[in-house]
>>> print(open('data_28.tsv').read())   # TSV, C-alpha atoms
chain	number	residue	atom	x	y	z
A	1	MET	CA	7.76	-86.79	-23.84
A	2	ARG	CA	4.89	-84.58	-24.94
A	3	ASN	CA	4.84	-82.89	-21.53
A	4	THR	CA	8.62	-82.31	-21.75
A	5	LYS	CA	8.21	-80.55	-25.12
A	6	LYS	CA	5.46	-78.34	-23.68
A	7	THR	CA	7.64	-77.44	-20.72
A	8	TRP	CA	10.56	-76.60	-23.00
A	9	LEU	CA	8.34	-74.49	-25.24
A	10	PHE	CA	6.87	-72.65	-22.25
A	11	ARG	CA	10.30	-71.90	-20.82
A	12	THR	CA	11.58	-70.69	-24.20
A	13	LEU	CA	8.63	-68.33	-24.64
A	14	LEU	CA	9.05	-67.02	-21.07
A	15	LEU	CA	12.77	-66.35	-21.62
A	16	LEU	CA	12.01	-64.54	-24.88
A	17	MET	CA	9.45	-62.30	-23.15
A	18	LEU	CA	11.93	-61.43	-20.41
A	19	VAL	CA	14.56	-60.45	-22.96
A	20	LEU	CA	12.13	-58.31	-24.98
A	21	THR	CA	10.80	-56.47	-21.94
A	22	ALA	CA	14.18	-55.86	-20.28
A	23	VAL	CA	14.31	-52.13	-21.20
A	24	PRO	CA	16.93	-50.11	-19.28
A	25	VAL	CA	15.62	-47.55	-16.81
A	26	GLY	CA	15.27	-44.19	-18.56
A	27	ALA	CA	15.30	-45.70	-22.05
A	28	ALA	CA	11.84	-44.34	-22.78
A	29	GLU	CA	12.97	-40.83	-21.91
A	30	GLN	CA	16.12	-41.24	-23.98
A	31	GLU	CA	14.12	-42.45	-26.95
A	32	GLU	CA	11.79	-39.47	-26.67
A	33	TRP	CA	14.74	-37.09	-27.16
A	34	SER	CA	16.65	-39.27	-29.69
A	35	GLY	CA	17.25	-37.45	-32.90
A	36	ALA	CA	16.03	-34.13	-31.44
A	37	SER	CA	18.25	-31.16	-30.57
A	38	ALA	CA	18.52	-29.95	-27.00
A	39	VAL	CA	16.78	-26.64	-26.35
A	40	ILE	CA	17.61	-23.57	-24.24
A	41	ARG	CA	15.08	-21.96	-21.93
A	42	LEU	CA	15.61	-18.37	-20.67
A	43	SER	CA	14.38	-16.95	-17.38
A	44	LYS	CA	12.64	-14.14	-19.31
A	45	THR	CA	11.45	-13.73	-22.88
A	46	THR	CA	10.69	-9.98	-22.61
A	47	TYR	CA	12.03	-7.29	-20.29
A	48	THR	CA	11.86	-3.50	-19.96
A	49	LEU	CA	14.51	-1.47	-18.16
A	50	LYS	CA	15.70	2.10	-17.89
A	51	LYS	CA	18.88	3.35	-19.50
A	52	GLY	CA	21.84	2.57	-17.23
A	53	LYS	CA	20.01	-0.18	-15.32
A	54	LYS	CA	20.94	-3.89	-15.36
A	55	PHE	CA	19.28	-7.27	-15.00
A	56	ARG	CA	20.46	-10.84	-15.41
A	57	LEU	CA	19.20	-13.56	-17.74
A	58	SER	CA	19.72	-17.20	-16.80
A	59	ALA	CA	19.68	-20.05	-19.31
A	60	THR	CA	18.76	-23.71	-18.81
A	61	VAL	CA	19.48	-26.48	-21.32
A	62	LEU	CA	16.81	-29.20	-21.73
A	63	PRO	CA	16.81	-32.12	-21.38
A	64	SER	CA	18.82	-31.77	-18.20
A	65	ALA	CA	21.01	-34.75	-19.20
A	66	ALA	CA	22.01	-33.12	-22.48
A	67	GLU	CA	25.73	-32.63	-22.92
A	68	THR	CA	26.34	-29.16	-24.25
A	69	SER	CA	29.24	-26.77	-24.41
A	70	LYS	CA	29.43	-23.32	-22.81
A	71	ILE	CA	26.49	-20.97	-23.30
A	72	LEU	CA	27.34	-17.81	-25.24
A	73	TRP	CA	25.40	-14.54	-25.44
A	74	ARG	CA	24.93	-11.88	-28.10
A	75	SER	CA	22.93	-8.69	-28.54
A	76	SER	CA	21.28	-7.68	-31.80
A	77	ASP	CA	22.11	-4.03	-31.02
A	78	LYS	CA	24.88	-3.36	-28.53
A	79	SER	CA	24.23	0.36	-28.67
A	80	VAL	CA	20.79	-0.29	-27.10
A	81	ALA	CA	21.60	-3.16	-24.74
A	82	LYS	CA	24.80	-5.07	-24.16
A	83	VAL	CA	25.13	-8.48	-22.54
A	84	SER	CA	28.05	-9.96	-20.59
A	85	ALA	CA	29.47	-13.48	-20.79
A	86	LYS	CA	27.32	-14.36	-17.75
A	87	GLY	CA	24.03	-13.07	-19.17
A	88	LYS	CA	23.99	-9.68	-17.39
A	89	VAL	CA	22.19	-7.14	-19.57
A	90	LYS	CA	22.67	-3.35	-19.35
A	91	GLY	CA	20.49	-0.74	-21.04
A	92	ARG	CA	22.53	1.83	-22.98
A	93	LYS	CA	20.03	3.96	-24.90
A	94	ALA	CA	16.30	4.00	-25.71
A	95	GLY	CA	15.32	1.32	-28.18
A	96	ARG	CA	14.83	-2.41	-28.53
A	97	ALA	CA	17.37	-5.22	-28.82
A	98	VAL	CA	17.19	-9.00	-28.90
A	99	ILE	CA	19.45	-10.89	-26.48
A	100	THR	CA	20.18	-14.43	-27.67
A	101	ALA	CA	21.68	-17.40	-25.82
A	102	TYR	CA	23.29	-20.26	-27.75
A	103	THR	CA	25.88	-22.99	-27.27
A	104	ALA	CA	29.37	-22.71	-28.72
A	105	ASP	CA	29.18	-26.10	-30.44
A	106	GLY	CA	25.66	-25.54	-31.79
A	107	SER	CA	24.33	-28.60	-29.96
A	108	ALA	CA	21.27	-26.75	-28.66
A	109	GLN	CA	18.66	-24.54	-30.24
A	110	SER	CA	19.08	-20.86	-29.36
A	111	ALA	CA	16.65	-18.80	-27.22
A	112	SER	CA	15.98	-15.06	-27.17
A	113	CYS	CA	14.71	-12.27	-24.94
A	114	VAL	CA	13.35	-9.01	-26.37
A	115	VAL	CA	14.73	-6.12	-24.28
A	116	THR	CA	13.17	-2.66	-24.39
A	117	VAL	CA	15.25	0.23	-23.00
A	118	THR	CA	13.56	3.46	-21.95
A	119	THR	CA	14.87	6.80	-20.68
A	120	ASP	CA	11.78	7.72	-18.65
A	121	ASP	CA	10.00	6.22	-15.67
A	122	MET	CA	6.72	4.53	-16.46
A	123	LYS	CA	3.78	6.94	-16.05
A	124	LEU	CA	0.06	7.07	-16.71
A	125	SER	CA	-1.62	9.48	-19.11
A	126	ALA	CA	-3.11	11.24	-16.05
A	127	SER	CA	-1.88	11.46	-12.46
A	128	GLN	CA	-5.34	12.50	-11.25
A	129	LEU	CA	-8.79	12.65	-12.80
A	130	THR	CA	-12.43	13.28	-11.92
A	131	LEU	CA	-15.44	11.45	-13.38
A	132	ASN	CA	-19.10	11.00	-12.55
A	133	VAL	CA	-20.71	7.82	-11.26
A	134	GLY	CA	-21.33	5.45	-14.17
A	135	LYS	CA	-18.91	7.25	-16.49
A	136	LYS	CA	-15.78	5.68	-17.95
A	137	THR	CA	-12.36	6.82	-19.09
A	138	LYS	CA	-9.20	5.08	-20.20
A	139	LEU	CA	-5.72	5.44	-18.73
A	140	LYS	CA	-2.72	4.80	-20.95
A	141	VAL	CA	0.82	3.81	-20.00
A	142	THR	CA	3.69	5.99	-21.19
A	143	PRO	CA	6.12	5.32	-22.69
A	144	ALA	CA	4.16	2.69	-24.58
A	145	VAL	CA	6.64	-0.20	-24.77
A	146	GLY	CA	4.18	-3.10	-24.94
A	147	GLY	CA	4.22	-6.14	-22.69
A	148	SER	CA	1.82	-7.32	-20.00
A	149	TYR	CA	0.36	-5.10	-17.28
A	150	VAL	CA	-1.63	-5.68	-14.10
A	151	TRP	CA	-4.23	-3.04	-13.12
A	152	VAL	CA	-5.75	-2.69	-9.64
A	153	SER	CA	-7.99	-0.25	-7.78
A	154	SER	CA	-7.43	0.61	-4.13
A	155	ASP	CA	-11.24	0.75	-3.65
A	156	LYS	CA	-13.39	-1.13	-6.14
A	157	SER	CA	-16.56	0.21	-4.55
A	158	VAL	CA	-15.52	3.71	-5.73
A	159	ALA	CA	-13.82	2.96	-9.06
A	160	THR	CA	-13.04	-0.19	-11.01
A	161	VAL	CA	-10.41	-0.73	-13.68
A	162	THR	CA	-10.20	-3.34	-16.43
A	163	LYS	CA	-7.12	-5.23	-17.57
A	164	THR	CA	-6.75	-2.67	-20.39
A	165	GLY	CA	-6.91	0.42	-18.15
A	166	LYS	CA	-10.58	1.42	-18.53
A	167	VAL	CA	-11.76	3.14	-15.34
A	168	LYS	CA	-15.41	3.33	-14.28
A	169	GLY	CA	-16.88	5.41	-11.47
A	170	LYS	CA	-19.03	3.36	-9.10
A	171	LYS	CA	-19.90	5.73	-6.25
A	172	ALA	CA	-18.83	9.12	-4.91
A	173	GLY	CA	-15.42	8.94	-3.28
A	174	ARG	CA	-11.72	8.63	-4.03
A	175	ALA	CA	-9.60	5.69	-5.15
A	176	VAL	CA	-6.11	5.11	-6.51
A	177	ILE	CA	-5.63	3.21	-9.76
A	178	VAL	CA	-2.28	1.43	-9.96
A	179	VAL	CA	-0.69	-0.32	-12.93
A	180	LYS	CA	2.30	-2.65	-12.74
A	181	ARG	CA	4.37	-3.76	-15.73
A	182	VAL	CA	4.99	-7.50	-15.42
A	183	SER	CA	8.34	-7.59	-17.22
A	184	ASP	CA	10.23	-5.31	-14.82
A	185	GLY	CA	7.86	-4.56	-11.92
A	186	GLN	CA	7.66	-0.79	-12.58
A	187	SER	CA	4.40	0.80	-11.46
A	188	ALA	CA	2.48	4.06	-11.81
A	189	SER	CA	-0.65	5.45	-10.17
A	190	CYS	CA	-3.54	7.85	-10.70
A	191	PHE	CA	-5.75	9.45	-8.01
A	192	VAL	CA	-9.40	9.19	-9.10
A	193	THR	CA	-12.21	11.34	-7.68
A	194	VAL	CA	-15.73	10.07	-8.43
A	195	THR	CA	-18.74	12.37	-8.09
A	196	ASP	CA	-22.43	11.64	-8.66
A	197	GLY	CA	-23.18	14.74	-10.68
A	198	GLY	CA	-22.84	17.29	-7.88
A	199	THR	CA	-25.86	16.17	-5.82
A	200	ASP	CA	-25.96	16.87	-2.12
A	201	ALA	CA	-25.31	13.19	-1.37
A	202	GLY	CA	-22.25	13.12	-3.58
A	203	THR	CA	-20.88	16.35	-2.13
A	204	ALA	CA	-21.44	15.06	1.41
A	205	ALA	CA	-19.58	11.81	0.61
A	206	LEU	CA	-16.53	13.68	-0.66
A	207	GLN	CA	-16.59	16.15	2.23
A	208	SER	CA	-16.71	13.23	4.63
A	209	GLN	CA	-13.54	11.78	3.07
A	210	GLU	CA	-11.85	15.19	3.09
A	211	ALA	CA	-12.54	15.47	6.81
A	212	GLN	CA	-10.45	12.36	7.49
A	213	PRO	CA	-6.77	12.99	8.28
A	214	GLN	CA	-5.58	10.19	5.98
A	215	GLN	CA	-5.95	12.13	2.74
A	216	THR	CA	-2.82	14.29	2.58
A	217	LEU	CA	0.63	14.46	4.06
A	218	PRO	CA	0.99	16.89	6.97
A	219	LEU	CA	2.11	20.38	5.99
A	220	ALA	CA	5.05	20.04	8.35
A	221	THR	CA	6.37	16.48	8.66
A	222	PRO	CA	7.92	15.88	12.10
A	223	GLN	CA	11.66	15.28	12.02
A	224	GLN	CA	11.58	12.62	14.74
A	225	PRO	CA	9.24	9.69	15.40
A	226	SER	CA	6.60	10.22	18.05
A	227	ALA	CA	6.78	8.64	21.50
A	228	LEU	CA	4.28	5.98	20.38
A	229	ALA	CA	6.32	5.23	17.24
A	230	THR	CA	9.46	4.84	19.36
A	231	LYS	CA	7.59	2.43	21.65
A	232	LEU	CA	6.40	0.46	18.61
A	233	LEU	CA	10.00	0.06	17.42
A	234	ALA	CA	11.12	-1.11	20.88
A	235	ILE	CA	8.43	-3.80	20.97
A	236	LEU	CA	9.27	-4.99	17.46
A	237	GLN	CA	12.92	-5.25	18.49
A	238	LYS	CA	11.85	-7.38	21.46
A	239	TYR	CA	9.97	-9.71	19.10
A	240	SER	CA	12.94	-9.91	16.72
A	241	SER	CA	15.39	-10.69	19.54
A	242	GLN	CA	13.13	-13.52	20.73
A	243	VAL	CA	12.89	-14.96	17.22
A	244	GLN	CA	16.70	-14.90	16.96
A	245	THR	CA	17.05	-16.64	20.35
A	246	ASP	CA	14.46	-19.29	19.45
A	247	SER	CA	16.00	-19.91	16.04
A	248	ALA	CA	19.43	-20.52	17.62
A	249	ALA	CA	17.77	-23.05	19.96
A	250	GLY	CA	16.15	-24.93	17.08
A	251	LEU	CA	12.64	-23.60	17.73
A	252	LEU	CA	10.65	-22.75	14.60
A	253	TRP	CA	8.93	-19.50	13.64
A	254	LYS	CA	7.13	-20.41	10.41
A	255	TYR	CA	5.31	-18.24	7.89
A	256	SER	CA	1.57	-18.85	7.72
A	257	ASN	CA	-1.60	-16.83	7.20
A	258	SER	CA	-3.09	-18.72	10.16
A	259	ALA	CA	-1.47	-17.67	13.44
A	260	GLN	CA	-2.15	-16.58	17.01
A	261	ASN	CA	-3.83	-13.21	17.52
A	262	THR	CA	-1.40	-11.92	20.18
A	263	TRP	CA	2.28	-12.18	21.05
A	264	LYS	CA	1.53	-13.93	24.35
A	265	LYS	CA	-0.52	-16.63	22.64
A	266	ALA	CA	2.24	-17.15	20.06
A	267	GLN	CA	4.75	-17.58	22.90
A	268	LYS	CA	2.51	-20.14	24.62
A	269	ALA	CA	2.21	-22.10	21.38
A	270	MET	CA	5.98	-22.06	21.01
A	271	LYS	CA	6.56	-23.37	24.54
A	272	LYS	CA	3.98	-26.11	24.03
A	273	ASN	CA	4.83	-27.29	20.50
A	274	GLY	CA	8.28	-25.90	19.66
A	275	VAL	CA	6.77	-24.08	16.69
A	276	THR	CA	4.59	-21.03	16.09
A	277	TYR	CA	3.47	-18.95	13.12
A	278	LEU	CA	3.38	-15.38	11.86
A	279	ASN	CA	3.00	-13.32	8.68
A	280	CYS	CA	3.87	-9.84	7.49
A	281	ALA	CA	1.16	-7.83	9.29
A	282	LEU	CA	1.04	-9.84	12.52
A	283	PRO	CA	3.98	-8.35	14.50
A	284	VAL	CA	2.60	-4.84	13.89
A	285	ARG	CA	-0.85	-5.82	15.15
A	286	TRP	CA	0.69	-7.72	18.10
A	287	ALA	CA	2.66	-4.60	19.07
A	288	LEU	CA	-0.34	-2.27	18.76
A	289	ARG	CA	-2.39	-4.64	20.93
A	290	GLU	CA	0.42	-4.78	23.47
A	291	MET	CA	0.35	-0.95	23.51
A	292	GLY	CA	-3.43	-0.96	24.07
A	293	LEU	CA	-4.14	0.77	20.75
A	294	LEU	CA	-5.90	-2.06	18.89
A	295	ASP	CA	-8.37	-4.76	19.87
A	296	SER	CA	-8.85	-8.07	18.05
A	297	SER	CA	-9.75	-6.24	14.81
A	298	ASN	CA	-7.29	-6.73	11.95
A	299	PHE	CA	-5.83	-4.64	9.14
A	300	TRP	CA	-3.22	-5.35	6.47
A	301	GLY	CA	-1.78	-3.90	3.28
A	302	VAL	CA	-3.22	-5.06	-0.05
A	303	ARG	CA	-1.78	-5.11	-3.56
A	304	GLY	CA	-2.09	-1.66	-5.06
A	305	GLY	CA	-0.93	0.06	-1.88
A	306	GLY	CA	-4.31	0.15	-0.13
A	307	ILE	CA	-5.27	-1.09	3.32
A	308	GLU	CA	-7.87	-3.71	4.25
A	309	PHE	CA	-9.57	-2.72	7.51
A	310	LYS	CA	-11.61	-5.26	9.47
A	311	GLY	CA	-13.99	-4.48	12.31
A	312	THR	CA	-13.26	-1.09	13.84
A	313	SER	CA	-9.50	-1.19	13.18
A	314	LYS	CA	-9.56	2.00	11.07
A	315	GLU	CA	-11.40	4.01	13.73
A	316	GLN	CA	-9.05	2.75	16.41
A	317	LEU	CA	-5.97	3.65	14.38
A	318	LEU	CA	-7.26	7.14	13.59
A	319	ALA	CA	-7.45	7.82	17.33
A	320	HIS	CA	-3.63	7.65	17.45
A	321	CYS	CA	-2.44	7.80	13.84
A	322	VAL	CA	-2.67	9.61	10.53
A	323	ILE	CA	-3.16	7.39	7.49
A	324	LEU	CA	-1.30	8.88	4.53
A	325	PRO	CA	-1.69	7.86	0.86
A	326	VAL	CA	1.74	8.61	-0.60
A	327	TYR	CA	2.34	6.42	-3.70
A	328	LYS	CA	6.04	7.23	-3.91
A	329	THR	CA	9.19	5.17	-3.54
A	330	ALA	CA	10.79	4.85	-0.13
A	331	ALA	CA	13.81	6.77	-1.48
A	332	GLN	CA	11.62	9.67	-2.62
A	333	LEU	CA	9.81	9.83	0.71
A	334	GLU	CA	13.02	9.75	2.70
A	335	ALA	CA	14.55	12.49	0.54
A	336	GLU	CA	11.47	14.63	1.26
A	337	GLY	CA	11.66	13.88	4.97
A	338	ASN	CA	8.34	12.02	4.74
A	339	LEU	CA	9.54	8.57	5.86
A	340	LEU	CA	10.17	8.23	9.58
A	341	PRO	CA	11.26	5.34	11.83
A	342	GLY	CA	8.12	3.69	13.14
A	343	ASP	CA	6.09	4.33	9.96
A	344	ILE	CA	3.86	1.35	9.12
A	345	CYS	CA	4.01	0.91	5.33
A	346	THR	CA	1.96	-0.85	2.65
A	347	TYR	CA	3.23	-1.46	-0.89
A	348	VAL	CA	1.95	-0.95	-4.41
A	349	SER	CA	3.44	-3.95	-6.22
A	350	VAL	CA	2.90	-6.61	-3.53
A	351	GLN	CA	0.43	-7.38	-0.74
A	352	HIS	CA	2.69	-6.52	2.16
A	353	THR	CA	2.98	-4.61	5.46
A	354	ASN	CA	6.13	-3.71	7.39
A	355	VAL	CA	7.68	-0.97	9.57
A	356	TYR	CA	10.50	1.39	8.67
A	357	ALA	CA	13.37	1.22	11.18
A	358	GLY	CA	15.50	4.02	9.67
A	359	ASN	CA	18.79	3.91	7.72
A	360	GLU	CA	17.13	1.93	4.88
A	361	LEU	CA	16.31	-0.94	7.28
A	362	TRP	CA	12.94	-2.52	8.09
A	363	TYR	CA	11.21	-4.63	10.70
A	364	ASP	CA	9.63	-7.24	8.48
A	365	SER	CA	8.09	-10.71	8.57
A	366	GLY	CA	7.62	-11.49	4.90
A	367	ARG	CA	9.20	-14.41	3.07
A	368	ASN	CA	12.48	-12.64	2.38
A	369	SER	CA	15.96	-14.19	2.31
A	370	ALA	CA	17.22	-11.45	4.65
A	371	LEU	CA	14.84	-12.81	7.32
A	372	GLY	CA	15.22	-16.58	7.01
A	373	SER	CA	15.04	-19.42	4.52
A	374	TYR	CA	12.81	-22.17	3.19
A	375	GLN	CA	12.84	-25.58	4.83
A	376	GLY	CA	11.12	-27.69	2.23
A	377	GLU	CA	8.05	-25.69	1.18
A	378	THR	CA	7.83	-23.73	4.47
A	379	PHE	CA	9.57	-20.42	5.15
A	380	VAL	CA	11.28	-20.30	8.58
A	381	PHE	CA	12.40	-17.04	10.22
A	382	ASN	CA	15.65	-16.42	12.07
A	383	THR	CA	15.05	-12.68	12.61
A	384	LEU	CA	12.43	-9.97	12.11
A	385	GLY	CA	15.01	-7.26	11.52
A	386	PRO	CA	16.00	-4.61	11.26
A	387	VAL	CA	17.27	-5.71	7.83
A	388	LYS	CA	17.26	-4.51	4.23
A	389	ALA	CA	14.08	-6.42	3.51
A	390	MET	CA	12.70	-3.90	0.98
A	391	SER	CA	14.45	-1.93	-1.74
A	392	MET	CA	14.34	1.85	-1.36
A	393	ASP	CA	13.01	1.82	-4.94
A	394	SER	CA	9.86	0.00	-3.78
A	395	LYS	CA	6.78	2.17	-4.08
A	396	ILE	CA	4.86	2.70	-0.83
A	397	GLY	CA	1.09	3.09	-1.13
A	398	HIS	CA	0.12	4.17	2.40
A	399	ILE	CA	1.88	5.11	5.63
A	400	ILE	CA	0.17	4.59	8.98
A	401	ARG	CA	2.00	7.01	11.29
A	402	LEU	CA	1.65	7.06	15.09
A	403	VAL	CA	1.54	10.73	16.04
A	404	GLN	CA	1.12	10.94	19.82
>>> encode(input="data_28.tsv", output="structure tokens")
Amino acid sequence: MRNTKKTWLFRTLLLLMLVLTAVPVGAAEQEEWSGASAVIRLSKTTYTLKKGKKFRLSATVLPSAAETSKILWRSSDKSVAKVSAKGKVKGRKAGRAVITAYTADGSAQSASCVVTVTTDDMKLSASQLTLNVGKKTKLKVTPAVGGSYVWVSSDKSVATVTKTGKVKGKKAGRAVIVVKRVSDGQSASCFVTVTDGGTDAGTAALQSQEAQPQQTLPLATPQQPSALATKLLAILQKYSSQVQTDSAAGLLWKYSNSAQNTWKKAQKAMKKNGVTYLNCALPVRWALREMGLLDSSNFWGVRGGGIEFKGTSKEQLLAHCVILPVYKTAAQLEAEGNLLPGDICTYVSVQHTNVYAGNELWYDSGRNSALGSYQGETFVFNTLGPVKAMSMDSKIGHIIRLVQ
């Protein structure tokens, strides 16, 4: 009898525990948000744009399970910036306005983005300057609209720059200082010449740079690409056609910084494994090697518009090319006649290398939706162009131009 009572008591306690611990899945998350308003998150909290330009804000309501009505938009000053029912903002005149997203039924907290409209392109307080080794100066952004900026030097061994725009001369030579505004991606640049007080060594260093053909655009830009540039384009088209054929057959060309050094090796890897790899600078180097103009040495474009040369790649290129620092948009260069099919380009705002194909099209192997798509976390190519992979408003740092 005593054992029966113990058994009954044990079973009763066990049943009570099961009832108390039977919490529905997701109840903890629901409890966390109980009594609290849903919130709106915007894709941007600050943005700068020129008068007449547009950009789009997107809004997300959290928690994701929250039931809310339609999102509405308003501008604090429609004469400065107006916003459409879908969150598209257009700059109307210089000034500042606050764009706010909210729900019609008030079920979610509102969220805002501060929009600054300018009438001028972003510039630096100087487009070129000279300073001695060890000396400093400060570059300022105009118009001064606030926000976050990224500063880079094309050659830190010549001149460095801090996150606030303070430039310091390190050794005799030339470098380009580039600033990018985070909110809208606009950039500006300044050519810096560093001397060491006029000594013979400093003068010799500058004269050595001046002797190189990469310092200025040719006085008379050719109207047509050279025979070597035309051959480069033909080889890149061959690569692109093969990528398209392989993609249709289910073979994978994936983006990776680790890849085969030549086109032939990449093809062998594809035949063996059904997959191979490439990145933005690889097809250009493959083509130059196929043309007999480059050995196993590498080069690629770096953020700020400069070029990273490994081994003797620079010397090899200069035997067949001019290397031109331009720091202008593709549209500006084309209008001047200074952007030709076959030009190998590096970019100011991103670490990237590609080749201009003409008619605002590019041979490219960056992670761009015009070239392929992501499969999971890996980008897979279905073409290398020619496509509109880069905007004509993108600022080009250097052009490597085949001239023979």
>>> residues_near_point(input="data_28.tsv", point="(8.9, -12.0, 1.0)", cutoff="9 Å", atoms="all atoms listed in the file", output="count of residues only")
11
>>> atom_distance(input="data_28.tsv", atom1="CA of Thr193 in chain A", atom2="CA of Gln316 in chain A")
25.8 Å
>>> residues_around(input="data_28.tsv", residues="Lys156 in chain A", least_positions_apart="2", cutoff="12 Å", atoms="only C-alpha atoms", output="tab-separated table (two decimals) with C-alpha atoms, in the coordinates of the input")
chain	number	residue	atom	x	y	z
A	151	TRP	CA	-4.23	-3.04	-13.12
A	152	VAL	CA	-5.75	-2.69	-9.64
A	153	SER	CA	-7.99	-0.25	-7.78
A	154	SER	CA	-7.43	0.61	-4.13
A	158	VAL	CA	-15.52	3.71	-5.73
A	159	ALA	CA	-13.82	2.96	-9.06
A	160	THR	CA	-13.04	-0.19	-11.01
A	161	VAL	CA	-10.41	-0.73	-13.68
A	162	THR	CA	-10.20	-3.34	-16.43
A	167	VAL	CA	-11.76	3.14	-15.34
A	168	LYS	CA	-15.41	3.33	-14.28
A	169	GLY	CA	-16.88	5.41	-11.47
A	170	LYS	CA	-19.03	3.36	-9.10
A	171	LYS	CA	-19.90	5.73	-6.25
A	172	ALA	CA	-18.83	9.12	-4.91
A	173	GLY	CA	-15.42	8.94	-3.28
A	174	ARG	CA	-11.72	8.63	-4.03
A	175	ALA	CA	-9.60	5.69	-5.15
A	176	VAL	CA	-6.11	5.11	-6.51
A	177	ILE	CA	-5.63	3.21	-9.76
A	192	VAL	CA	-9.40	9.19	-9.10
A	194	VAL	CA	-15.73	10.07	-8.43
A	304	GLY	CA	-2.09	-1.66	-5.06
A	306	GLY	CA	-4.31	0.15	-0.13
>>> closest_residue(input="data_28.tsv", among="A:Ala108, A:Val89, A:Val98, A:Leu384", to="Ile71 in chain A", atoms="all atoms listed in the file")
A:Ala108
>>> atom_distance(input="data_28.tsv", atom1="CA of Gln128 in chain A", atom2="CA of Pro325 in chain A")
13.5 Å
>>> closest_atom_pairs(input="data_28.tsv", of="range 278-360 of chain A", to="range 225-239 of chain A", cutoff="7 Å", atoms="all atoms listed in the file", output="Markdown table")
| residue | atom | partner | partner_atom | distance |
| --- | --- | --- | --- | --- |
| A:Pro283 | CA | A:Leu236 | CA | 6.9 |
| A:Ala287 | CA | A:Ile235 | CA | 6.1 |
| A:Leu340 | CA | A:Pro225 | CA | 6.1 |
| A:Pro341 | CA | A:Pro225 | CA | 6.0 |
| A:Gly342 | CA | A:Ala229 | CA | 4.7 |
>>> atom_distance(input="data_28.tsv", atom1="CA of Tyr347 in chain A", atom2="CA of Leu333 in chain A")
13.2 Å
>>> residues_near_point(input="data_28.tsv", point="(0.1, 6.4, -17.9)", cutoff="8 Å", atoms="all atoms listed in the file", output="list in words")
Met122, Lys123, Leu124, Ser125, Ala126, Ser127, Leu139, Lys140, Val141, Thr142, Pro143, Ala188 and Ser189 of chain A
>>> closest_residue(input="data_28.tsv", among="A:Ala81, A:Ala38, A:Leu62, A:Ala357", to="Asp105 in chain A", atoms="only C-alpha atoms")
A:Ala38
>>> closest_residue(input="data_28.tsv", among="A:Val243, A:Val179, A:Cys113, A:Val284", to="Gln267 in chain A", atoms="only C-alpha atoms")
A:Val243
>>> closest_residue(input="data_28.tsv", among="A:Gly305, A:Gly106, A:Gly311, A:Gly385", to="Asp155 in chain A", atoms="only C-alpha atoms")
A:Gly305
>>> residues_around(input="data_28.tsv", residues="Lys51 in chain A", least_positions_apart="6", cutoff="6 Å", atoms="all atoms listed in the file", output="PyMOL selection string")
chain A and resi 91-93+117-119
>>> closest_residue(input="data_28.tsv", among="A:Val350, A:Val380, A:Met291, A:Ile323", to="Trp253 in chain A", atoms="all atoms listed in the file")
A:Val380
>>> residues_around(input="data_28.tsv", residues="Leu282 in chain A", least_positions_apart="4", cutoff="12 Å", atoms="all atoms listed in the file", output="ChimeraX atom specification")
/A:236,239,255-263,266,277-278,286-289,296-301,352-355,363-366,384
>>> closest_residue(input="data_28.tsv", among="A:Ser313, A:Thr195, A:Thr383, A:Thr346", to="His398 in chain A", atoms="all atoms listed in the file")
A:Thr346
